[in-house]
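Structure file upload-v1.cif (mmCIF, C-alpha atoms) is printed below.
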```
data_run
#
loop_
_atom_site.label_atom_id
_atom_site.label_comp_id
_atom_site.auth_asym_id
_atom_site.auth_seq_id
_atom_site.Cartn_x
_atom_site.Cartn_y
_atom_site.Cartn_z
CA MET A 20 0.00 0.00 0.00
CA GLY A 21 1.37 3.40 -1.01
CA ILE A 22 1.57 6.52 1.13
CA LEU A 23 -1.47 8.16 -0.48
CA GLU A 24 -3.61 5.06 0.09
CA ARG A 25 -2.53 4.89 3.72
CA ILE A 26 -3.39 8.58 4.21
CA LYS A 27 -6.85 8.10 2.70
CA GLU A 28 -7.44 5.03 4.85
CA ILE A 29 -6.56 6.93 8.04
CA GLU A 30 -8.74 9.90 6.98
CA ALA A 31 -11.65 7.52 6.42
CA GLU A 32 -11.10 6.01 9.87
CA MET A 33 -11.09 9.49 11.43
CA ALA A 34 -14.34 10.32 9.63
CA ARG A 35 -15.98 7.16 11.03
CA THR A 36 -14.77 7.80 14.59
CA GLN A 37 -17.06 9.79 16.85
CA LYS A 38 -15.46 12.75 18.60
CA ASN A 39 -15.83 12.53 22.36
CA LYS A 40 -13.75 12.27 25.50
CA ALA A 41 -13.15 8.54 25.06
CA THR A 42 -11.84 8.74 21.49
CA GLU A 43 -9.63 11.87 21.72
CA TYR A 44 -6.50 9.79 22.39
CA HIS A 45 -7.18 7.58 19.37
CA LEU A 46 -7.84 10.61 17.13
CA GLY A 47 -4.63 12.25 18.36
CA GLN A 48 -2.61 9.19 17.33
CA LEU A 49 -4.30 9.14 13.91
CA LYS A 50 -3.45 12.83 13.37
CA ALA A 51 0.19 12.12 14.24
CA LYS A 52 0.27 9.22 11.76
CA ILE A 53 -1.13 11.42 8.96
CA ALA A 54 1.42 14.15 9.70
CA LYS A 55 4.27 11.62 9.49
CA LEU A 56 2.99 10.21 6.19
CA ARG A 57 2.58 13.66 4.65
CA THR A 58 6.14 14.53 5.65
CA GLN A 59 7.33 11.34 3.93
CA LEU A 60 5.29 12.34 0.87
CA LEU A 61 7.22 15.62 0.55
CA GLU A 62 10.64 13.97 0.85
CA PRO A 63 12.47 13.26 -2.42
CA PRO A 64 12.48 9.61 -3.51
CA LYS A 65 15.42 7.49 -2.42
CA GLY A 66 18.27 7.32 -4.90
CA SER A 67 17.36 10.62 -6.59
CA THR A 68 20.16 13.00 -7.52
CA GLY A 69 18.27 16.08 -6.32
CA GLY A 70 17.68 17.68 -9.73
CA GLY A 71 13.91 18.00 -9.96
CA ASP A 72 11.54 19.55 -12.45
CA GLY A 73 10.66 22.56 -10.29
CA PHE A 74 10.54 26.16 -11.49
CA GLU A 75 12.10 28.06 -8.62
CA VAL A 76 13.46 31.47 -9.59
CA THR A 77 16.28 33.42 -7.98
CA LYS A 78 15.26 35.71 -5.14
CA PHE A 79 15.47 39.38 -6.03
CA GLY A 80 14.54 42.56 -4.21
CA HIS A 81 13.54 43.21 -0.63
CA GLY A 82 10.56 40.85 -0.49
CA ARG A 83 8.77 38.09 -2.38
CA VAL A 84 5.03 37.71 -2.99
CA ALA A 85 3.42 34.64 -4.58
CA LEU A 86 0.11 34.58 -6.48
CA ILE A 87 -1.84 31.40 -5.76
CA GLY A 88 -5.25 30.43 -7.03
CA PHE A 89 -7.28 28.17 -9.24
CA PRO A 90 -6.81 28.33 -13.03
CA SER A 91 -8.33 31.31 -14.89
CA VAL A 92 -9.03 33.57 -11.90
CA GLY A 93 -6.92 36.52 -13.13
CA LYS A 94 -3.43 35.96 -11.69
CA SER A 95 -1.61 36.73 -14.96
CA THR A 96 -3.67 39.88 -15.53
CA LEU A 97 -2.91 41.06 -12.00
CA LEU A 98 0.84 40.48 -12.54
CA THR A 99 0.77 42.49 -15.79
CA MET A 100 -1.09 45.39 -14.18
CA LEU A 101 1.20 45.62 -11.14
CA THR A 102 4.61 45.00 -12.72
CA GLY A 103 4.25 45.57 -16.47
CA THR A 104 5.68 42.09 -17.11
CA HIS A 105 3.82 40.28 -19.88
CA SER A 106 2.18 37.06 -18.76
CA GLU A 107 0.03 35.28 -21.30
CA ALA A 108 -3.68 35.35 -20.51
CA ALA A 109 -6.34 33.45 -22.43
CA SER A 110 -9.88 32.10 -22.06
CA TYR A 111 -8.73 28.52 -21.40
CA GLU A 112 -7.34 27.05 -18.18
CA PHE A 113 -3.65 26.44 -17.40
CA THR A 114 -2.46 29.24 -19.68
CA THR A 115 0.53 29.78 -17.36
CA LEU A 116 2.67 26.63 -17.23
CA THR A 117 5.73 27.95 -15.38
CA CYS A 118 6.70 30.61 -12.83
CA ILE A 119 6.79 34.13 -14.27
CA PRO A 120 8.49 36.77 -12.07
CA GLY A 121 7.89 40.52 -12.05
CA ILE A 122 9.21 43.47 -10.02
CA ILE A 123 7.07 46.04 -8.19
CA ASN A 124 8.77 49.36 -7.39
CA TYR A 125 6.99 50.78 -4.34
CA ASN A 126 8.21 53.14 -1.60
CA ASP A 127 11.86 53.02 -2.75
CA THR A 128 11.84 49.20 -2.50
CA LYS A 129 11.69 46.36 -4.99
CA ILE A 130 9.18 43.57 -4.37
CA GLN A 131 9.31 40.39 -6.45
CA LEU A 132 5.88 39.15 -7.57
CA LEU A 133 5.58 35.55 -8.83
CA ASP A 134 2.79 34.37 -11.13
CA LEU A 135 2.42 30.65 -10.44
CA PRO A 136 0.41 28.09 -12.43
CA GLY A 137 -3.10 27.42 -11.17
CA ILE A 138 -3.47 24.62 -8.65
CA ILE A 139 -6.38 22.23 -8.32
CA GLU A 140 -7.82 20.02 -5.63
CA GLY A 141 -5.28 17.33 -4.80
CA ALA A 142 -2.28 19.58 -5.43
CA SER A 143 -0.65 18.47 -2.18
CA GLU A 144 -0.63 14.93 -3.56
CA GLY A 145 1.16 16.01 -6.77
CA LYS A 146 -1.76 16.66 -9.13
CA GLY A 147 -1.16 19.36 -11.74
CA ARG A 148 2.41 20.08 -10.57
CA GLY A 149 0.90 21.20 -7.29
CA ARG A 150 3.93 20.31 -5.19
CA GLN A 151 6.24 22.52 -7.25
CA VAL A 152 3.81 25.45 -7.00
CA ILE A 153 3.46 25.10 -3.22
CA ALA A 154 7.24 24.73 -2.80
CA VAL A 155 7.73 28.14 -4.44
CA ALA A 156 5.02 29.61 -2.21
CA LYS A 157 6.89 28.34 0.86
CA SER A 158 9.85 30.56 0.00
CA SER A 159 7.67 33.70 -0.19
CA ASP A 160 7.15 36.40 2.42
CA LEU A 161 3.47 36.87 1.54
CA VAL A 162 0.82 34.87 -0.32
CA LEU A 163 -1.84 36.59 -2.42
CA MET A 164 -4.68 34.10 -2.84
CA VAL A 165 -6.60 35.21 -5.94
CA LEU A 166 -10.22 34.01 -5.79
CA ASP A 167 -13.22 34.14 -8.09
CA ALA A 168 -15.91 36.11 -6.24
CA SER A 169 -18.68 33.82 -7.53
CA LYS A 170 -16.95 30.68 -6.18
CA SER A 171 -14.91 32.24 -3.41
CA GLU A 172 -15.96 30.26 -0.33
CA GLY A 173 -15.47 26.79 -1.78
CA HIS A 174 -12.21 27.68 -3.53
CA ARG A 175 -10.86 29.38 -0.41
CA GLN A 176 -11.44 26.29 1.74
CA ILE A 177 -9.91 23.96 -0.85
CA LEU A 178 -6.78 26.08 -1.30
CA THR A 179 -6.31 26.53 2.45
CA ARG A 180 -6.64 22.77 2.97
CA GLU A 181 -4.11 21.99 0.22
CA LEU A 182 -1.57 24.48 1.59
CA GLU A 183 -1.96 23.24 5.16
CA ALA A 184 -1.47 19.65 4.00
CA VAL A 185 2.12 20.47 3.01
CA GLY A 186 3.01 22.49 6.10
CA LEU A 187 1.93 26.05 5.23
CA ARG A 188 0.04 27.82 8.02
CA LEU A 189 -1.81 30.90 6.76
CA ASN A 190 -2.28 33.91 9.06
CA LYS A 191 -1.23 31.97 12.13
CA ARG A 192 1.58 32.46 14.59
CA PRO A 193 3.87 29.68 15.85
CA PRO A 194 2.39 27.94 18.93
CA GLN A 195 3.92 28.81 22.28
CA ILE A 196 5.20 25.30 23.00
CA TYR A 197 8.77 24.55 24.06
CA PHE A 198 9.98 21.16 22.81
CA LYS A 199 13.46 19.70 23.06
CA LYS A 200 14.69 16.16 22.59
CA LYS A 201 16.98 14.64 25.24
CA LYS A 202 19.18 11.59 25.40
CA THR A 203 18.00 10.33 28.79
CA GLY A 204 15.57 11.23 31.55
CA GLY A 205 12.22 10.26 30.01
CA ILE A 206 9.50 12.72 29.06
CA SER A 207 9.07 15.87 31.12
CA PHE A 208 5.58 17.41 30.68
CA ASN A 209 4.74 20.85 32.12
CA SER A 210 2.29 23.66 31.44
CA MET A 211 2.08 27.26 32.61
CA ILE A 212 -1.72 27.49 32.20
CA PRO A 213 -4.61 24.98 32.45
CA LEU A 214 -4.93 22.88 29.28
CA THR A 215 -8.29 21.97 27.76
CA HIS A 216 -7.24 20.21 24.52
CA VAL A 217 -4.13 18.19 25.48
CA ASP A 218 -3.23 16.29 28.62
CA GLU A 219 -0.13 14.38 29.69
CA LYS A 220 -1.36 10.99 28.47
CA LEU A 221 -2.20 12.29 24.99
CA CYS A 222 1.18 14.03 24.76
CA TYR A 223 2.95 10.78 25.67
CA GLN A 224 1.03 8.83 23.02
CA ILE A 225 1.86 11.34 20.27
CA LEU A 226 5.55 11.37 21.22
CA HIS A 227 5.65 7.57 21.26
CA GLU A 228 4.12 7.58 17.76
CA TYR A 229 7.22 9.53 16.68
CA LYS A 230 9.43 7.11 18.65
CA ILE A 231 10.46 9.90 21.04
CA HIS A 232 10.92 8.62 24.59
CA ASN A 233 13.16 11.33 26.07
CA ALA A 234 12.05 14.93 25.67
CA GLU A 235 11.05 18.09 27.48
CA VAL A 236 7.66 19.67 26.67
CA LEU A 237 6.40 22.97 28.09
CA PHE A 238 3.04 24.52 27.13
CA ARG A 239 2.89 28.31 27.42
CA GLU A 240 -0.64 28.52 25.98
CA ASP A 241 -3.75 26.37 25.64
CA ALA A 242 -2.64 24.70 22.39
CA THR A 243 -4.37 21.95 20.42
CA VAL A 244 -3.18 18.53 19.28
CA ASP A 245 -2.43 19.92 15.81
CA ASP A 246 -0.21 22.63 17.33
CA LEU A 247 1.77 20.01 19.26
CA ILE A 248 2.25 17.92 16.11
CA ASP A 249 3.44 21.02 14.20
CA VAL A 250 6.06 21.72 16.87
CA ILE A 251 7.28 18.11 16.84
CA GLU A 252 7.53 18.06 13.04
CA GLY A 253 9.48 21.34 13.04
CA ASN A 254 9.08 22.00 9.30
CA ARG A 255 6.02 24.25 9.31
CA LYS A 256 6.08 27.66 7.62
CA TYR A 257 3.91 30.39 9.12
CA ILE A 258 3.14 32.93 6.43
CA LYS A 259 0.73 35.83 5.99
CA CYS A 260 -1.98 35.61 3.36
CA VAL A 261 -4.25 38.23 1.76
CA TYR A 262 -7.39 37.06 -0.07
CA VAL A 263 -7.83 39.05 -3.29
CA TYR A 264 -11.26 38.74 -4.90
CA ASN A 265 -11.61 39.13 -8.67
CA LYS A 266 -14.68 39.31 -10.92
CA ILE A 267 -16.80 41.02 -8.26
CA ASP A 268 -18.99 42.48 -11.02
CA VAL A 269 -20.74 39.12 -11.45
CA VAL A 270 -22.12 39.01 -7.88
CA GLY A 271 -24.69 41.15 -6.10
CA ILE A 272 -24.04 44.04 -3.76
CA ASP A 273 -24.96 41.92 -0.71
CA ASP A 274 -22.30 39.33 -1.60
CA VAL A 275 -19.73 42.08 -2.16
CA ASP A 276 -20.50 43.53 1.28
CA LYS A 277 -20.17 40.07 2.84
CA LEU A 278 -16.79 39.46 1.17
CA ALA A 279 -15.48 42.89 2.19
CA ARG A 280 -16.24 42.18 5.87
CA GLN A 281 -14.23 38.96 5.98
CA PRO A 282 -10.79 39.22 7.63
CA ASN A 283 -7.71 39.62 5.41
CA SER A 284 -9.87 40.24 2.34
CA LEU A 285 -9.34 42.84 -0.36
CA LEU A 286 -11.59 43.91 -3.23
CA ASN A 287 -9.97 47.16 -4.39
CA LEU A 288 -6.87 47.19 -6.61
CA ASP A 289 -5.91 50.70 -5.46
CA ARG A 290 -5.45 49.46 -1.90
CA LEU A 291 -3.52 46.30 -2.87
CA LEU A 292 0.04 47.69 -2.86
CA ALA A 293 -0.46 49.48 0.46
CA ARG A 294 -1.89 46.28 2.00
CA MET A 295 1.05 44.23 0.71
CA TRP A 296 3.48 46.74 2.22
CA GLU A 297 1.62 46.66 5.54
CA GLU A 298 1.52 42.85 5.77
CA MET A 299 5.19 42.37 4.83
CA GLY A 300 6.31 44.81 7.51
CA LEU A 301 9.21 46.31 5.56
CA VAL A 302 11.24 49.00 7.35
CA ARG A 303 13.27 51.59 5.43
CA VAL A 304 16.33 52.96 7.24
CA TYR A 305 18.37 55.82 5.77
CA THR A 306 22.06 56.35 6.50
CA LYS A 307 23.70 59.61 7.54
CA PRO A 308 27.49 60.05 7.31
CA GLN A 309 29.07 62.17 10.02
CA GLY A 310 28.95 65.86 9.17
CA GLN A 311 26.82 65.32 6.05
CA GLN A 312 23.17 65.26 5.05
CA PRO A 313 21.24 61.96 5.12
CA ASP A 314 21.11 59.86 1.97
CA PHE A 315 17.42 59.47 1.09
CA THR A 316 18.01 57.83 -2.31
CA ASP A 317 19.02 54.28 -1.35
CA PRO A 318 17.53 53.01 1.96
CA VAL A 319 18.52 49.88 3.84
CA VAL A 320 15.38 47.72 3.91
CA LEU A 321 14.83 45.49 6.95
CA SER A 322 11.97 43.22 8.01
CA THR A 323 11.11 41.06 11.00
CA ASP A 324 10.86 37.92 8.84
CA ARG A 325 14.26 38.54 7.22
CA GLY A 326 16.67 38.92 10.12
CA GLY A 327 15.03 41.59 12.30
CA CYS A 328 14.82 45.37 12.64
CA THR A 329 17.32 46.20 15.39
CA VAL A 330 20.41 48.38 15.08
CA GLU A 331 22.56 45.23 15.16
CA ASP A 332 20.61 43.80 12.20
CA PHE A 333 21.08 47.12 10.39
CA CYS A 334 24.87 46.96 10.92
CA ASN A 335 25.02 43.32 9.81
CA HIS A 336 23.11 44.26 6.66
CA ILE A 337 25.84 46.77 5.79
CA HIS A 338 28.81 44.58 6.77
CA ARG A 339 29.33 41.71 9.19
CA SER A 340 32.45 43.22 10.75
CA LEU A 341 30.80 46.58 11.48
CA VAL A 342 29.12 45.51 14.76
CA LYS A 343 32.34 45.12 16.74
CA ASP A 344 33.49 48.63 15.74
CA VAL A 345 30.27 50.41 16.77
CA LYS A 346 30.54 52.71 19.80
CA TYR A 347 26.96 54.01 19.62
CA VAL A 348 24.46 55.18 17.02
CA LEU A 349 22.42 58.37 16.62
CA VAL A 350 18.81 57.83 15.54
CA TRP A 351 16.31 60.32 14.12
CA GLY A 352 12.73 59.21 13.47
CA THR A 353 9.62 57.74 15.04
CA SER A 354 11.55 55.19 17.11
CA ALA A 355 13.57 57.92 18.88
CA ARG A 356 12.31 59.73 21.99
CA HIS A 357 14.27 62.85 21.13
CA TYR A 358 16.40 63.99 18.17
CA PRO A 359 18.98 62.62 18.01
CA GLN A 360 18.86 59.73 20.46
CA HIS A 361 21.96 57.78 21.52
CA CYS A 362 21.09 54.11 21.05
CA GLY A 363 22.76 50.75 21.41
CA LEU A 364 22.66 47.63 19.27
CA GLY A 365 19.34 46.42 20.73
CA HIS A 366 17.31 49.46 19.70
CA VAL A 367 14.38 48.55 17.39
CA LEU A 368 14.18 50.74 14.29
CA GLN A 369 10.98 51.88 12.58
CA ASP A 370 10.10 52.88 9.05
CA GLU A 371 11.97 55.93 7.62
CA ASP A 372 14.40 56.25 10.54
CA VAL A 373 17.75 57.96 9.95
CA VAL A 374 20.82 56.33 11.53
CA GLN A 375 24.33 57.65 12.01
CA ILE A 376 26.95 55.16 13.21
CA VAL A 377 29.74 56.38 15.49
CA LYS A 378 32.67 53.99 15.46
CA LYS A 379 35.22 53.38 18.20
CA LYS A 380 38.46 55.31 17.91
CA GLU A 381 41.56 53.27 17.29
CA LYS A 382 44.07 53.39 20.13
CA GLU A 383 47.26 55.13 19.17
CA ASP A 384 50.62 53.78 20.20
CA GLY A 385 53.01 56.13 21.90
CA GLY A 386 52.85 58.57 24.77
CA ARG A 387 55.55 60.02 26.99
CA GLY A 388 56.92 59.07 30.39
CA ARG A 389 54.38 57.80 32.83
CA PHE A 390 51.56 58.64 30.37
CA LYS A 391 52.77 56.01 27.95
CA SER A 392 49.99 53.43 27.58
CA HIS A 393 51.70 50.88 25.35
CA THR A 394 55.01 49.13 25.64
CA ASN A 395 56.79 46.47 23.67
CA ALA A 396 58.23 44.78 26.76
CA PRO A 397 57.11 41.20 27.52
CA ALA A 398 54.26 40.84 29.95
CA ARG A 399 55.94 38.07 32.01
CA ILE A 400 59.31 38.33 33.72
CA SER A 401 60.32 34.87 32.52
CA ASP A 402 59.95 35.99 28.90
CA ARG A 403 62.37 38.90 29.21
CA GLU A 404 65.76 38.59 27.63
CA LYS A 405 68.49 37.95 30.17
CA LYS A 406 71.38 40.38 30.15
CA ALA A 407 74.86 39.06 29.62
CA PRO A 408 76.84 38.64 32.88
CA LEU A 409 79.30 41.39 33.76
CA LYS A 410 82.90 40.70 32.98
CA THR A 411 85.11 40.72 36.04
#
```

Written form, C-alpha cells:
Amino acid sequence: MGILERIKEIEAEMARTQKNKATEYHLGQLKAKIAKLRTQLLEPPKGSTGGGDGFEVTKFGHGRVALIGFPSVGKSTLLTMLTGTHSEAASYEFTTLTCIPGIINYNDTKIQLLDLPGIIEGASEGKGRGRQVIAVAKSSDLVLMVLDASKSEGHRQILTRELEAVGLRLNKRPPQIYFKKKKTGGISFNSMIPLTHVDEKLCYQILHEYKIHNAEVLFREDATVDDLIDVIEGNRKYIKCVYVYNKIDVVGIDDVDKLARQPNSLLNLDRLLARMWEEMGLVRVYTKPQGQQPDFTDPVVLSTDRGGCTVEDFCNHIHRSLVKDVKYVLVWGTSARHYPQHCGLGHVLQDEDVVQIVKKKEKEDGGRGRFKSHTNAPARISDREKKAPLKT
C-alpha cells in the first residue's frame, strides 16, 4: 500500500470515529500518523540526484510575494497590471505553465511578484504540478490568494486545505510550546496554564508515535493537538496571506459587502500595494554620514521575517564586521524619543528612521613618560631577555 492510500485510509477512519472524551487519544494518534505520512510524501524519492523539475526562480529585491489560485481567476492579468511584465492570458485554463516573475517598485523598495500556475484540488498529492507550486510559495514572504468572487468560499477552503497539507500555516503564529529532545531522563511534561485540549497521556502517546521517549515539553498557551504535532515536526512555515477577490462584477451588492467584511480580504486594486506593504512589515532605514546630510536615495530595507529590525541587524546588513566597531548610534525618526537619540545595538528601528553610526576610535601607540599606555616589553618576567653577565 502506497503513502497516499494509507493517508486516505486513516482519513476515512477518522471520519468514522465519533469525537468525544473517550476517542480523543485515538484521534490524536491518527493525526500524528497522517502528519508523518505527509512529511514522507514531501521527501524526495530514495536514490534521486536532487535535480527535480521545479521552477524556482532566484530571489530578487527586498521581499517576495506569490500569487496562488485556481486556473483562470486573473493571476496573470494582475501580474501584468502591477509590474508591467507580460504574462500570457487566455480564455482557457492552465495558460501559465511555469513561474513568471515581475518586479514592483513601491516606496523606494523592490518587491518580487511571482505568477504561479493554477493549482487544483489534490495539489498536495502532486496533481497538476501542485507540489512545485506550493514549494515556491513556501519561500515567499506573503501569499496573495486570488479568488473568483462567484466561487470564493469553496475555492478558499480547498486552497487553504491543500496548503496546510504540506506544512503552510496561513495567518497563524507559531504555537507557544517549548519542545526539546533529550538523550535520557524520560518525558518531562509541564504547562504554565490549564490545558483543555491536550493532557499528559495524549502528549505521551503522540511522542511515542514519533518514537520519542526522552524529551522536554512545556506549554505556554492552551494549544491543540495539531499545534503540538506542528512543533514536533518542526518543518512548518507560518506565512501571511491576503485574499484578493476578482470578478466582483458578477455578484450582487450583498455578496460584495459580505466578502469585504471577511478578515484579510481585499476587493480594491488601489489598496492592494499598500496592503502588501503593511503585511510584509518592511522598514526603510536611511544612513547619515558624520557631518553630512542623510542619503534618502538608497535606503537599507529590513523586516522582521528577514533577520530583524534592530540596530545590530542594520549593521550586519551593511557589513558583518561593522558591529564590533560600533561605539553608539544616533537615531532620528519615530523610534527615537528625542532627536537625536543615543542608542545601542538592541534598539528597534521603525520605518523611515535615519541612523548615524559612530565607530570606536583606534588606540594610538606612543605617549611620553608615565603617560605612555603601550610598551613592547614582555608581559611576564620569565619571557624577558636575560642580560649578559658582567665581565670581572

Inset, instruction - Write out as a list in words which residues come within 9 Å of A:Asp134 when counting only C-alpha atoms, dropping same-chain ones fewer than 3 positions away. - result: Ala85, Leu86, Ile87, Lys94, Ser95, Leu97, Leu98, Ser106, Thr115, Thr117, Cys118, Ile119, Pro120 and Gly121 of chain A

Kindly save the residues from that selection, with C-alpha atoms included, as an mmCIF file, in the frame of the given file.
```cif
data_model
loop_
_atom_site.group_PDB
_atom_site.id
_atom_site.type_symbol
_atom_site.label_atom_id
_atom_site.label_comp_id
_atom_site.auth_asym_id
_atom_site.auth_seq_id
_atom_site.Cartn_x
_atom_site.Cartn_y
_atom_site.Cartn_z
ATOM 1 C CA ALA A 85 3.420 34.640 -4.580
ATOM 2 C CA LEU A 86 0.110 34.580 -6.480
ATOM 3 C CA ILE A 87 -1.840 31.400 -5.760
ATOM 4 C CA LYS A 94 -3.430 35.960 -11.690
ATOM 5 C CA SER A 95 -1.610 36.730 -14.960
ATOM 6 C CA LEU A 97 -2.910 41.060 -12.000
ATOM 7 C CA LEU A 98 0.840 40.480 -12.540
ATOM 8 C CA SER A 106 2.180 37.060 -18.760
ATOM 9 C CA THR A 115 0.530 29.780 -17.360
ATOM 10 C CA THR A 117 5.730 27.950 -15.380
ATOM 11 C CA CYS A 118 6.700 30.610 -12.830
ATOM 12 C CA ILE A 119 6.790 34.130 -14.270
ATOM 13 C CA PRO A 120 8.490 36.770 -12.070
ATOM 14 C CA GLY A 121 7.890 40.520 -12.050
#
```

Legend entry - Atom-to-atom span, atom CA of A:Leu278 and atom CA of A:Glu172, Å: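 Answer for the atom CA of A:Leu278 to atom CA of A:Glu172 separation: 9.4 Å.
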
Legend entry - Expected selection from the PyMOL selection byres ((chain A and resi 25-36) around 8), given as a list of chain:residue names: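 Here the PyMOL selection byres ((chain A and resi 25-36) around 8) matches A:Met20, A:Gly21, A:Ile22, A:Leu23, A:Glu24, A:Gln37, A:Lys38, A:Thr42, A:Leu46, A:Leu49, A:Ile53, A:Leu56, A:Arg57.
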
Specify as an mmCIF file with C-alpha atoms, in the coordinates of the input each residue included when the PyMOL selection byres ((chain A and resi 238-251) around 10) is applied to this file.
```cif
data_model
loop_
_atom_site.group_PDB
_atom_site.id
_atom_site.type_symbol
_atom_site.label_atom_id
_atom_site.label_comp_id
_atom_site.auth_asym_id
_atom_site.auth_seq_id
_atom_site.Cartn_x
_atom_site.Cartn_y
_atom_site.Cartn_z
ATOM 1 C CA GLU A 43 -9.630 11.870 21.720
ATOM 2 C CA TYR A 44 -6.500 9.790 22.390
ATOM 3 C CA LEU A 46 -7.840 10.610 17.130
ATOM 4 C CA GLY A 47 -4.630 12.250 18.360
ATOM 5 C CA GLN A 48 -2.610 9.190 17.330
ATOM 6 C CA LYS A 50 -3.450 12.830 13.370
ATOM 7 C CA ALA A 51 0.190 12.120 14.240
ATOM 8 C CA LYS A 52 0.270 9.220 11.760
ATOM 9 C CA ALA A 54 1.420 14.150 9.700
ATOM 10 C CA LYS A 55 4.270 11.620 9.490
ATOM 11 C CA GLY A 186 3.010 22.490 6.100
ATOM 12 C CA ARG A 188 0.040 27.820 8.020
ATOM 13 C CA PRO A 193 3.870 29.680 15.850
ATOM 14 C CA PRO A 194 2.390 27.940 18.930
ATOM 15 C CA GLN A 195 3.920 28.810 22.280
ATOM 16 C CA ILE A 196 5.200 25.300 23.000
ATOM 17 C CA TYR A 197 8.770 24.550 24.060
ATOM 18 C CA PHE A 198 9.980 21.160 22.810
ATOM 19 C CA LYS A 199 13.460 19.700 23.060
ATOM 20 C CA LYS A 200 14.690 16.160 22.590
ATOM 21 C CA PHE A 208 5.580 17.410 30.680
ATOM 22 C CA ASN A 209 4.740 20.850 32.120
ATOM 23 C CA SER A 210 2.290 23.660 31.440
ATOM 24 C CA MET A 211 2.080 27.260 32.610
ATOM 25 C CA ILE A 212 -1.720 27.490 32.200
ATOM 26 C CA PRO A 213 -4.610 24.980 32.450
ATOM 27 C CA LEU A 214 -4.930 22.880 29.280
ATOM 28 C CA THR A 215 -8.290 21.970 27.760
ATOM 29 C CA HIS A 216 -7.240 20.210 24.520
ATOM 30 C CA VAL A 217 -4.130 18.190 25.480
ATOM 31 C CA ASP A 218 -3.230 16.290 28.620
ATOM 32 C CA LEU A 221 -2.200 12.290 24.990
ATOM 33 C CA CYS A 222 1.180 14.030 24.760
ATOM 34 C CA ILE A 225 1.860 11.340 20.270
ATOM 35 C CA LEU A 226 5.550 11.370 21.220
ATOM 36 C CA TYR A 229 7.220 9.530 16.680
ATOM 37 C CA ILE A 231 10.460 9.900 21.040
ATOM 38 C CA VAL A 236 7.660 19.670 26.670
ATOM 39 C CA LEU A 237 6.400 22.970 28.090
ATOM 40 C CA GLU A 252 7.530 18.060 13.040
ATOM 41 C CA GLY A 253 9.480 21.340 13.040
ATOM 42 C CA ASN A 254 9.080 22.000 9.300
ATOM 43 C CA ARG A 255 6.020 24.250 9.310
ATOM 44 C CA LYS A 256 6.080 27.660 7.620
#
```

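Minimum distance to A:Ser340 across A:Lys40, A:His361, A:His366, A:Lys378 (counting only C-alpha atoms) occurs at A:Lys378.
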
With 8 Å on each side, where is the centre of the axis-aligned box around all listed atoms of stretch 286-295 of chain A, and how long are its edges in Å to one decimal, as JSON?
```
{"center_x": -5.3, "center_y": 47.3, "center_z": -2.3, "size_x": 28.6, "size_y": 22.8, "size_z": 24.6}
```

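Checking A:Val348, A:Leu364, A:Leu161, A:Leu101 one by one against A:Asp332, counting all atoms listed in the file, you find the shortest gap at A:Leu364.
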
Inset, instruction - Identify which of the residues A:Ala168, A:Leu132, A:Val367, A:Leu189 lies closest to A:Asn283, counting all atoms listed in the file when measuring atom-to-atom distances. - result: A:Leu189

Inset, instruction - Please indicate the distance in Å from atom CA of A:Asn124 to atom CA of A:Leu301, rounded to one decimal place. - result: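 Atom-to-atom, atom CA of A:Asn124 and atom CA of A:Leu301 are spaced 13.3 Å apart.
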